[in-house]
Amino acid sequence: MEDVVIVGAGIAGLATALALKRAGVEALVLERSEGLRATGAALTLFPNAWVALDALGISQNLASLYAPIKRGYVTNLDTGEIQGVSFVASNGDLVGPRSVHRKTLLNALADQLPINSIRFSSKLAAIETQEHEGSSISIIHMADGTVIKAKVLIGCDGMHSVVARWLGLAEPVYSGRSAVRGLAVFPQGHGLDNNVQQYIGQGRRAGFVPLTDKEIYWFFTCTSPAKGADMADEPEVIKREVLENYAKDLPPIYLDVVQHSDLSTLTWAPLMFRYPWHVVFGNLSKQNITVAGDAMHPMTPDLGQGGCSALEDAVVLGRHIGKSFIQNGRLVPKEMAVTIGKYVEERRWRAALLVAGSYLSGWVQQARSGWGMKFLRDAIFYTFLFPKILKFTSYDCGKLNFKHDDSSPKA
């Protein structure tokens with residue numbers, strides 16, 4: 001009998017295991033791949049993510065490797081107008097987000113876990129529950145015939161989660177847009193400032209941000225799936241299509257970044273999300289089983305909150321389970337339904353708002369231009385809505401201080 005089993009060794013799974021470790025709870029992480037996966041190459045971590053990483057005890061390890069972003073620029077491809085935002089505080093400190101290698105983040109989380117706590121090449125086949133001493137436990141059937149019993153089961157197995165499907169959550173839907181992501185490598189250095197550059201309009205959205213002095217993370221999204229499904233496993237074709245077709249009229253600096261792509265990092269994928277009302281009204285838990293990260297709230301990347309919100313989930317879930325564990329000296333199965341229910345209610349509305357805000361942000365910024373859409377985007381969205389949506393990234397999910405009562409989240 002395991003105390004906690006986590007399905008998936010992505011950001012949500014590893015962070016949840018680490019949060020539980022901080023409380024003394026042992027978790028077994030089951031990962032279907034042969035090693036840590038880093039699809040997507042890099043991601044941008046906003047202030048809310050750094051609050052969560054600080055609670056997990058690894059923020060300094062990562063912050064020392066990556067510089068904060070200084071400024072952001074958005075160029076309207078239709079008008080040539082450029083809007084800028086500074087991430088320098090009034091006292092001169094840099095308070096902007098930081099873009100990091102996804103693999104570096106995963107390794108930083110995994111390195112804090114006990115040896116053998118991650119079991120690779122472990123594919124989940126089926127889930128069932130049974131009564132045990134008056135409470136519910138999970139029976140996890142693996143593809144190789146292994147059967148594992150757990151007092152708590154947490155699905156962190158991504159967008160197409162087996163655990164979410166067992167809970168009855170509706171499947172994610174296609175947003176109508178697809179995205180290419182990749183890393184560009186400049187062996188002699190790229191010489192650019194640490195600023196975000198974005199280009200929007202004509203049904204497209206593209207951009208790039210330096211990771212290090214030699215690497216740049218870039219992306220391109222479009223409203224048409226075009227040949228994306230056919231090109232998913234052909235990085236050379238992906239690069240050629242972006243350069244010669246979809247982005248051929250973008251500024252030379254962007255094309256130069258794409259030209260320097262490391263082909264092994266290129267991906268083309270449809271942008272999926274779960275309808276916000278399915279997050280609000282769906283079954284996010286049942287007895288001792290719940291979900292976190294993309295398994296709970298897959299969202300489009302337009303606010304950069306997929307990984308950030310997964311880290312929040314981990315801290316909140318770890319705090320609730322950890323408090324119960326410390327109060328009882330062990331994990332009491334009878335308490336887990338209530339404990340997990342508190343986590344779900346704390347996360348449900350915030351997750352739904354992030355999903356909705358991300359979708360709205362992408363739809364408005366990437367929609368084809370007409371006078372009506374230009375008015376909606378420039379006069380209403382950027383002026384009134386976007387600043388409010390951006391405040392979501394300053395959320396404080398709380399700490400993992402199990403000896404005090406000051407660990408509640410702060411908006």
# chains A, B, ... in the order shown; residues from 1 in each chain; ligands from 1
>>> residues_around(residues="Gly13 of chain A", least_positions_apart="5", cutoff="8 Å", atoms="only C-alpha atoms", output="PyMOL selection string")
chain A and resi 6-8+29+155-157+292+314
>>> write_last_selection(atoms="all heavy atoms", output="mmCIF file, in the first residue's frame")
data_model
loop_
_atom_site.group_PDB
_atom_site.id
_atom_site.type_symbol
_atom_site.label_atom_id
_atom_site.label_comp_id
_atom_site.auth_asym_id
_atom_site.auth_seq_id
_atom_site.Cartn_x
_atom_site.Cartn_y
_atom_site.Cartn_z
ATOM 1 N N ILE A 6 1.381 9.190 -7.855
ATOM 2 C CA ILE A 6 1.208 10.278 -8.820
ATOM 3 C C ILE A 6 1.470 9.723 -10.207
ATOM 4 O O ILE A 6 2.513 9.111 -10.452
ATOM 5 C CB ILE A 6 2.187 11.439 -8.528
ATOM 6 C CG1 ILE A 6 1.911 12.024 -7.141
ATOM 7 C CG2 ILE A 6 2.087 12.514 -9.602
ATOM 8 C CD1 ILE A 6 2.968 13.019 -6.678
ATOM 9 N N VAL A 7 0.524 9.918 -11.114
ATOM 10 C CA VAL A 7 0.682 9.441 -12.481
ATOM 11 C C VAL A 7 1.189 10.598 -13.338
ATOM 12 O O VAL A 7 0.492 11.594 -13.531
ATOM 13 C CB VAL A 7 -0.647 8.909 -13.050
ATOM 14 C CG1 VAL A 7 -0.433 8.363 -14.464
ATOM 15 C CG2 VAL A 7 -1.211 7.822 -12.149
ATOM 16 N N GLY A 8 2.421 10.485 -13.827
ATOM 17 C CA GLY A 8 2.993 11.525 -14.679
ATOM 18 C C GLY A 8 4.144 12.259 -14.013
ATOM 19 O O GLY A 8 3.979 12.814 -12.918
ATOM 20 N N VAL A 29 5.965 8.146 -8.096
ATOM 21 C CA VAL A 29 5.615 8.793 -9.359
ATOM 22 C C VAL A 29 5.760 7.786 -10.486
ATOM 23 O O VAL A 29 6.832 7.201 -10.676
ATOM 24 C CB VAL A 29 6.518 10.019 -9.628
ATOM 25 C CG1 VAL A 29 6.096 10.709 -10.918
ATOM 26 C CG2 VAL A 29 6.469 10.987 -8.451
ATOM 27 N N GLY A 155 -3.680 12.345 -10.612
ATOM 28 C CA GLY A 155 -3.405 12.301 -12.041
ATOM 29 C C GLY A 155 -2.715 13.568 -12.507
ATOM 30 O O GLY A 155 -3.310 14.650 -12.508
ATOM 31 N N CYS A 156 -1.465 13.440 -12.870
ATOM 32 C CA CYS A 156 -0.698 14.548 -13.454
ATOM 33 C C CYS A 156 -0.220 14.105 -14.835
ATOM 34 O O CYS A 156 0.906 14.403 -15.241
ATOM 35 C CB CYS A 156 0.484 14.911 -12.570
ATOM 36 S SG CYS A 156 0.028 15.471 -10.911
ATOM 37 N N ASP A 157 -1.073 13.366 -15.514
ATOM 38 C CA ASP A 157 -0.697 12.694 -16.751
ATOM 39 C C ASP A 157 -1.111 13.453 -18.001
ATOM 40 O O ASP A 157 -1.383 12.868 -19.052
ATOM 41 C CB ASP A 157 -1.235 11.265 -16.786
ATOM 42 C CG ASP A 157 -2.686 11.139 -16.336
ATOM 43 O OD1 ASP A 157 -3.164 12.031 -15.633
ATOM 44 O OD2 ASP A 157 -3.319 10.133 -16.680
ATOM 45 N N ALA A 292 -4.212 17.265 -11.386
ATOM 46 C CA ALA A 292 -3.509 18.548 -11.285
ATOM 47 C C ALA A 292 -2.842 18.847 -12.620
ATOM 48 O O ALA A 292 -2.659 17.968 -13.456
ATOM 49 C CB ALA A 292 -2.466 18.498 -10.160
ATOM 50 N N ALA A 314 0.480 22.154 -7.332
ATOM 51 C CA ALA A 314 1.325 21.286 -6.512
ATOM 52 C C ALA A 314 1.458 21.802 -5.086
ATOM 53 O O ALA A 314 1.353 21.038 -4.114
ATOM 54 C CB ALA A 314 2.704 21.169 -7.163
#
>>> residues_around(residues="Asn76 of chain A", least_positions_apart="5", cutoff="9 Å", atoms="only C-alpha atoms", output="ChimeraX atom specification")
/A:81-83,198-201
>>> write_last_selection(atoms="C-alpha atoms", output="PDB file, in the first residue's frame")
ATOM      1  CA  GLU A  81       2.604  50.003 -34.480  1.00  0.00           C
ATOM      2  CA  ILE A  82       4.766  48.813 -31.579  1.00  0.00           C
ATOM      3  CA  GLN A  83       3.562  48.685 -27.976  1.00  0.00           C
ATOM      4  CA  GLN A 198       5.981  39.492 -30.322  1.00  0.00           C
ATOM      5  CA  TYR A 199       4.286  39.994 -33.684  1.00  0.00           C
ATOM      6  CA  ILE A 200       0.506  39.784 -34.063  1.00  0.00           C
ATOM      7  CA  GLY A 201      -2.064  40.109 -36.822  1.00  0.00           C
TER       8      GLY A 201
END
>>> residues_around(residues="segment 105-110 of chain A", least_positions_apart="6", cutoff="8 Å", atoms="only C-alpha atoms", output="PyMOL selection string")
chain A and resi 10-11+14-15+18+36+38+58+61-62
>>> write_last_selection(atoms="all heavy atoms", output="PDB file, in the first residue's frame")
ATOM      1  N   GLY A  10       5.732  14.976 -15.164  1.00  0.00           N
ATOM      2  CA  GLY A  10       5.911  16.299 -15.752  1.00  0.00           C
ATOM      3  C   GLY A  10       6.053  17.331 -14.646  1.00  0.00           C
ATOM      4  O   GLY A  10       6.349  16.994 -13.491  1.00  0.00           O
ATOM      5  N   ILE A  11       5.818  18.591 -14.979  1.00  0.00           N
ATOM      6  CA  ILE A  11       5.966  19.658 -13.989  1.00  0.00           C
ATOM      7  C   ILE A  11       5.024  19.447 -12.812  1.00  0.00           C
ATOM      8  O   ILE A  11       5.430  19.513 -11.646  1.00  0.00           O
ATOM      9  CB  ILE A  11       5.716  21.028 -14.639  1.00  0.00           C
ATOM     10  CG1 ILE A  11       6.812  21.338 -15.662  1.00  0.00           C
ATOM     11  CG2 ILE A  11       5.661  22.130 -13.588  1.00  0.00           C
ATOM     12  CD1 ILE A  11       6.570  22.598 -16.475  1.00  0.00           C
ATOM     13  N   LEU A  14       6.043  16.093 -10.642  1.00  0.00           N
ATOM     14  CA  LEU A  14       7.271  16.215  -9.853  1.00  0.00           C
ATOM     15  C   LEU A  14       7.131  17.274  -8.769  1.00  0.00           C
ATOM     16  O   LEU A  14       7.598  17.088  -7.643  1.00  0.00           O
ATOM     17  CB  LEU A  14       8.443  16.551 -10.775  1.00  0.00           C
ATOM     18  CG  LEU A  14       8.817  15.488 -11.813  1.00  0.00           C
ATOM     19  CD1 LEU A  14       9.965  15.979 -12.684  1.00  0.00           C
ATOM     20  CD2 LEU A  14       9.185  14.172 -11.145  1.00  0.00           C
ATOM     21  N   ALA A  15       6.477  18.390  -9.098  1.00  0.00           N
ATOM     22  CA  ALA A  15       6.294  19.443  -8.099  1.00  0.00           C
ATOM     23  C   ALA A  15       5.388  18.977  -6.962  1.00  0.00           C
ATOM     24  O   ALA A  15       5.630  19.303  -5.794  1.00  0.00           O
ATOM     25  CB  ALA A  15       5.713  20.695  -8.758  1.00  0.00           C
ATOM     26  N   LEU A  18       7.359  16.757  -4.707  1.00  0.00           N
ATOM     27  CA  LEU A  18       8.271  17.538  -3.877  1.00  0.00           C
ATOM     28  C   LEU A  18       7.524  18.262  -2.763  1.00  0.00           C
ATOM     29  O   LEU A  18       7.999  18.318  -1.621  1.00  0.00           O
ATOM     30  CB  LEU A  18       9.026  18.542  -4.749  1.00  0.00           C
ATOM     31  CG  LEU A  18      10.038  19.452  -4.036  1.00  0.00           C
ATOM     32  CD1 LEU A  18      11.027  18.635  -3.212  1.00  0.00           C
ATOM     33  CD2 LEU A  18      10.767  20.319  -5.047  1.00  0.00           C
ATOM     34  N   LEU A  36      12.679  11.563 -18.195  1.00  0.00           N
ATOM     35  CA  LEU A  36      11.944  12.821 -18.081  1.00  0.00           C
ATOM     36  C   LEU A  36      11.717  13.404 -19.465  1.00  0.00           C
ATOM     37  O   LEU A  36      12.637  13.500 -20.273  1.00  0.00           O
ATOM     38  CB  LEU A  36      12.712  13.818 -17.214  1.00  0.00           C
ATOM     39  CG  LEU A  36      12.908  13.432 -15.742  1.00  0.00           C
ATOM     40  CD1 LEU A  36      13.714  14.502 -15.033  1.00  0.00           C
ATOM     41  CD2 LEU A  36      11.560  13.239 -15.054  1.00  0.00           C
ATOM     42  N   ALA A  38      10.638  16.506 -22.074  1.00  0.00           N
ATOM     43  CA  ALA A  38      10.760  17.963 -22.102  1.00  0.00           C
ATOM     44  C   ALA A  38      10.169  18.517 -23.387  1.00  0.00           C
ATOM     45  O   ALA A  38      10.726  19.419 -24.001  1.00  0.00           O
ATOM     46  CB  ALA A  38      12.217  18.372 -21.960  1.00  0.00           C
ATOM     47  N   ILE A  58      13.230  25.614  -4.389  1.00  0.00           N
ATOM     48  CA  ILE A  58      14.200  25.501  -5.479  1.00  0.00           C
ATOM     49  C   ILE A  58      14.280  26.766  -6.337  1.00  0.00           C
ATOM     50  O   ILE A  58      14.922  26.754  -7.396  1.00  0.00           O
ATOM     51  CB  ILE A  58      13.900  24.287  -6.389  1.00  0.00           C
ATOM     52  CG1 ILE A  58      12.560  24.468  -7.104  1.00  0.00           C
ATOM     53  CG2 ILE A  58      13.937  22.993  -5.609  1.00  0.00           C
ATOM     54  CD1 ILE A  58      12.354  23.458  -8.216  1.00  0.00           C
ATOM     55  N   ASN A  61      17.863  28.050  -7.066  1.00  0.00           N
ATOM     56  CA  ASN A  61      18.629  27.200  -7.978  1.00  0.00           C
ATOM     57  C   ASN A  61      18.404  27.610  -9.424  1.00  0.00           C
ATOM     58  O   ASN A  61      19.340  27.627 -10.234  1.00  0.00           O
ATOM     59  CB  ASN A  61      18.213  25.726  -7.813  1.00  0.00           C
ATOM     60  CG  ASN A  61      18.446  25.208  -6.412  1.00  0.00           C
ATOM     61  OD1 ASN A  61      18.825  25.963  -5.522  1.00  0.00           O
ATOM     62  ND2 ASN A  61      18.230  23.933  -6.203  1.00  0.00           N
ATOM     63  N   LEU A  62      17.158  27.944  -9.769  1.00  0.00           N
ATOM     64  CA  LEU A  62      16.818  28.300 -11.147  1.00  0.00           C
ATOM     65  C   LEU A  62      17.081  29.774 -11.433  1.00  0.00           C
ATOM     66  O   LEU A  62      17.553  30.132 -12.514  1.00  0.00           O
ATOM     67  CB  LEU A  62      15.349  27.978 -11.412  1.00  0.00           C
ATOM     68  CG  LEU A  62      15.008  26.492 -11.533  1.00  0.00           C
ATOM     69  CD1 LEU A  62      13.500  26.298 -11.486  1.00  0.00           C
ATOM     70  CD2 LEU A  62      15.566  25.912 -12.818  1.00  0.00           C
TER      71      LEU A  62
END
>>> select_by_dssp(residues="segment 241-382 of chain A", states="strand (DSSP E)", output="compact mmCIF listing (two decimals) with all heavy atoms, in the first residue's frame")
# COMPACT_ATOMS: atom_id res chain seq x y z
N THR A 267 8.69 21.47 -32.48
CA THR A 267 7.43 20.74 -32.36
C THR A 267 6.31 21.54 -33.03
O THR A 267 6.35 22.77 -33.05
CB THR A 267 7.04 20.51 -30.88
OG1 THR A 267 6.91 21.78 -30.22
CG2 THR A 267 8.08 19.67 -30.17
N TRP A 268 5.35 20.83 -33.57
CA TRP A 268 4.14 21.44 -34.14
C TRP A 268 2.96 20.71 -33.52
O TRP A 268 2.87 19.49 -33.61
CB TRP A 268 4.12 21.30 -35.66
CG TRP A 268 2.94 21.98 -36.33
CD1 TRP A 268 1.62 21.76 -36.08
CD2 TRP A 268 2.99 22.98 -37.34
NE1 TRP A 268 0.83 22.55 -36.86
CE2 TRP A 268 1.65 23.32 -37.67
CE3 TRP A 268 4.02 23.61 -38.04
CZ2 TRP A 268 1.32 24.25 -38.64
CZ3 TRP A 268 3.69 24.54 -39.00
CH2 TRP A 268 2.36 24.86 -39.30
N ALA A 269 2.08 21.43 -32.86
CA ALA A 269 0.97 20.76 -32.17
C ALA A 269 -0.27 21.64 -32.16
O ALA A 269 -0.16 22.88 -32.13
CB ALA A 269 1.37 20.44 -30.73
N PRO A 270 -1.44 21.04 -32.17
CA PRO A 270 -2.68 21.81 -32.02
C PRO A 270 -2.78 22.36 -30.61
O PRO A 270 -2.33 21.73 -29.65
CB PRO A 270 -3.78 20.77 -32.30
CG PRO A 270 -3.15 19.46 -31.92
CD PRO A 270 -1.71 19.59 -32.29
N LEU A 271 -3.37 23.55 -30.47
CA LEU A 271 -3.56 24.15 -29.15
C LEU A 271 -4.93 23.72 -28.62
O LEU A 271 -5.96 24.04 -29.20
CB LEU A 271 -3.47 25.67 -29.24
CG LEU A 271 -2.11 26.22 -29.71
CD1 LEU A 271 -2.13 27.74 -29.74
CD2 LEU A 271 -0.98 25.72 -28.83
N MET A 272 -4.90 23.01 -27.52
CA MET A 272 -6.11 22.44 -26.94
C MET A 272 -6.42 23.11 -25.60
O MET A 272 -5.54 23.68 -24.95
CB MET A 272 -5.93 20.93 -26.72
CG MET A 272 -5.37 20.16 -27.90
SD MET A 272 -6.54 19.94 -29.24
CE MET A 272 -7.65 18.72 -28.50
N PHE A 273 -7.69 23.02 -25.19
CA PHE A 273 -8.06 23.53 -23.87
C PHE A 273 -9.33 22.83 -23.42
O PHE A 273 -10.06 22.26 -24.22
CB PHE A 273 -8.24 25.05 -23.89
CG PHE A 273 -9.48 25.52 -24.62
CD1 PHE A 273 -10.58 25.97 -23.91
CD2 PHE A 273 -9.55 25.50 -26.02
CE1 PHE A 273 -11.72 26.41 -24.57
CE2 PHE A 273 -10.68 25.93 -26.69
CZ PHE A 273 -11.78 26.39 -25.97
N SER A 285 -12.48 15.62 -8.64
CA SER A 285 -12.03 14.62 -7.67
C SER A 285 -13.17 13.66 -7.38
O SER A 285 -14.34 13.96 -7.62
CB SER A 285 -11.56 15.28 -6.36
OG SER A 285 -12.66 15.86 -5.68
N LYS A 286 -12.80 12.51 -6.85
CA LYS A 286 -13.76 11.53 -6.38
C LYS A 286 -13.09 10.72 -5.28
O LYS A 286 -12.09 10.04 -5.52
CB LYS A 286 -14.21 10.61 -7.52
CG LYS A 286 -15.27 9.60 -7.10
CD LYS A 286 -15.72 8.74 -8.28
CE LYS A 286 -16.78 7.75 -7.84
NZ LYS A 286 -17.21 6.87 -8.98
N ILE A 289 -9.16 10.41 -5.16
CA ILE A 289 -8.55 10.57 -6.48
C ILE A 289 -8.79 11.98 -7.00
O ILE A 289 -9.91 12.50 -6.93
CB ILE A 289 -9.11 9.54 -7.49
CG1 ILE A 289 -8.85 8.12 -6.99
CG2 ILE A 289 -8.51 9.74 -8.88
CD1 ILE A 289 -9.47 7.04 -7.85
N THR A 290 -7.75 12.62 -7.54
CA THR A 290 -7.89 13.95 -8.11
C THR A 290 -6.88 14.14 -9.23
O THR A 290 -6.12 13.22 -9.56
CB THR A 290 -7.71 15.04 -7.03
OG1 THR A 290 -8.10 16.31 -7.57
CG2 THR A 290 -6.27 15.12 -6.53
N VAL A 291 -6.86 15.34 -9.80
CA VAL A 291 -5.96 15.65 -10.91
C VAL A 291 -5.31 17.02 -10.66
O VAL A 291 -5.79 17.82 -9.86
CB VAL A 291 -6.71 15.68 -12.26
CG1 VAL A 291 -7.00 14.28 -12.76
CG2 VAL A 291 -8.00 16.50 -12.15
>>> closest_residue(among="A:Leu53, A:Val173, A:Leu28, A:Val5", to="Met159 of chain A", atoms="only C-alpha atoms")
A:Val173
>>> select_by_dssp(residues="segment 114-202 of chain A", states="helix (DSSP H, G or I)", output="ChimeraX atom specification")
/A:162-167
>>> write_last_selection(atoms="C-alpha atoms", output="PDB file, in the first residue's frame")
ATOM      1  CA  VAL A 162      -6.345   8.593 -18.023  1.00  0.00           C
ATOM      2  CA  VAL A 163      -7.194   9.720 -14.485  1.00  0.00           C
ATOM      3  CA  ALA A 164      -9.258  12.695 -15.723  1.00  0.00           C
ATOM      4  CA  ARG A 165     -11.132  10.388 -18.067  1.00  0.00           C
ATOM      5  CA  TRP A 166     -11.853   8.019 -15.158  1.00  0.00           C
ATOM      6  CA  LEU A 167     -13.235  10.969 -13.167  1.00  0.00           C
TER       7      LEU A 167
END
>>> residues_around(residues="Gly24 of chain A", least_positions_apart="2", cutoff="12 Å", atoms="only C-alpha atoms", output="list in words")
Asp3, Val4, Ala17, Leu18, Ala19, Leu20, Lys21, Arg22, Glu26, Ala27, Leu113, Pro114, Gly318, Arg319, Ile321, Gly322, Lys323, Ser324, Phe325, Ile326, Gln327, Gly329, Arg330, Leu331, Leu400 and Phe402 of chain A
>>> write_last_selection(atoms="C-alpha atoms", output="PDB file, in the first residue's frame")
ATOM      1  CA  ASP A   3       0.550   6.531   0.638  1.00  0.00           C
ATOM      2  CA  VAL A   4       0.372   8.567  -2.578  1.00  0.00           C
ATOM      3  CA  ALA A  17       5.828  14.912  -5.155  1.00  0.00           C
ATOM      4  CA  LEU A  18       8.271  17.538  -3.877  1.00  0.00           C
ATOM      5  CA  ALA A  19       5.546  19.458  -2.038  1.00  0.00           C
ATOM      6  CA  LEU A  20       4.488  16.249  -0.315  1.00  0.00           C
ATOM      7  CA  LYS A  21       8.091  15.426   0.532  1.00  0.00           C
ATOM      8  CA  ARG A  22       8.353  18.760   2.369  1.00  0.00           C
ATOM      9  CA  GLU A  26       6.284   9.675   0.412  1.00  0.00           C
ATOM     10  CA  ALA A  27       4.923   9.593  -3.119  1.00  0.00           C
ATOM     11  CA  LEU A 113      13.130  13.673  -4.688  1.00  0.00           C
ATOM     12  CA  PRO A 114      14.280  10.439  -3.033  1.00  0.00           C
ATOM     13  CA  GLY A 318       0.791  19.419  -1.034  1.00  0.00           C
ATOM     14  CA  ARG A 319      -0.264  21.870   1.672  1.00  0.00           C
ATOM     15  CA  ILE A 321      -2.458  16.675   2.228  1.00  0.00           C
ATOM     16  CA  GLY A 322       0.616  17.657   4.258  1.00  0.00           C
ATOM     17  CA  LYS A 323      -1.442  19.326   6.985  1.00  0.00           C
ATOM     18  CA  SER A 324      -3.592  16.229   7.362  1.00  0.00           C
ATOM     19  CA  PHE A 325      -0.509  14.025   7.485  1.00  0.00           C
ATOM     20  CA  ILE A 326       1.214  16.114  10.147  1.00  0.00           C
ATOM     21  CA  GLN A 327      -1.909  16.474  12.299  1.00  0.00           C
ATOM     22  CA  GLY A 329       1.147  11.516  12.156  1.00  0.00           C
ATOM     23  CA  ARG A 330       0.196   9.495   9.088  1.00  0.00           C
ATOM     24  CA  LEU A 331      -2.056   9.569   6.045  1.00  0.00           C
ATOM     25  CA  LEU A 400       4.434  25.038   2.665  1.00  0.00           C
ATOM     26  CA  PHE A 402       3.200  23.329   8.099  1.00  0.00           C
TER      27      PHE A 402
END
>>> closest_residue(among="A:Ala337, A:Met1, A:Ala247, A:Leu183", to="Ile148 of chain A", atoms="only C-alpha atoms")
A:Met1
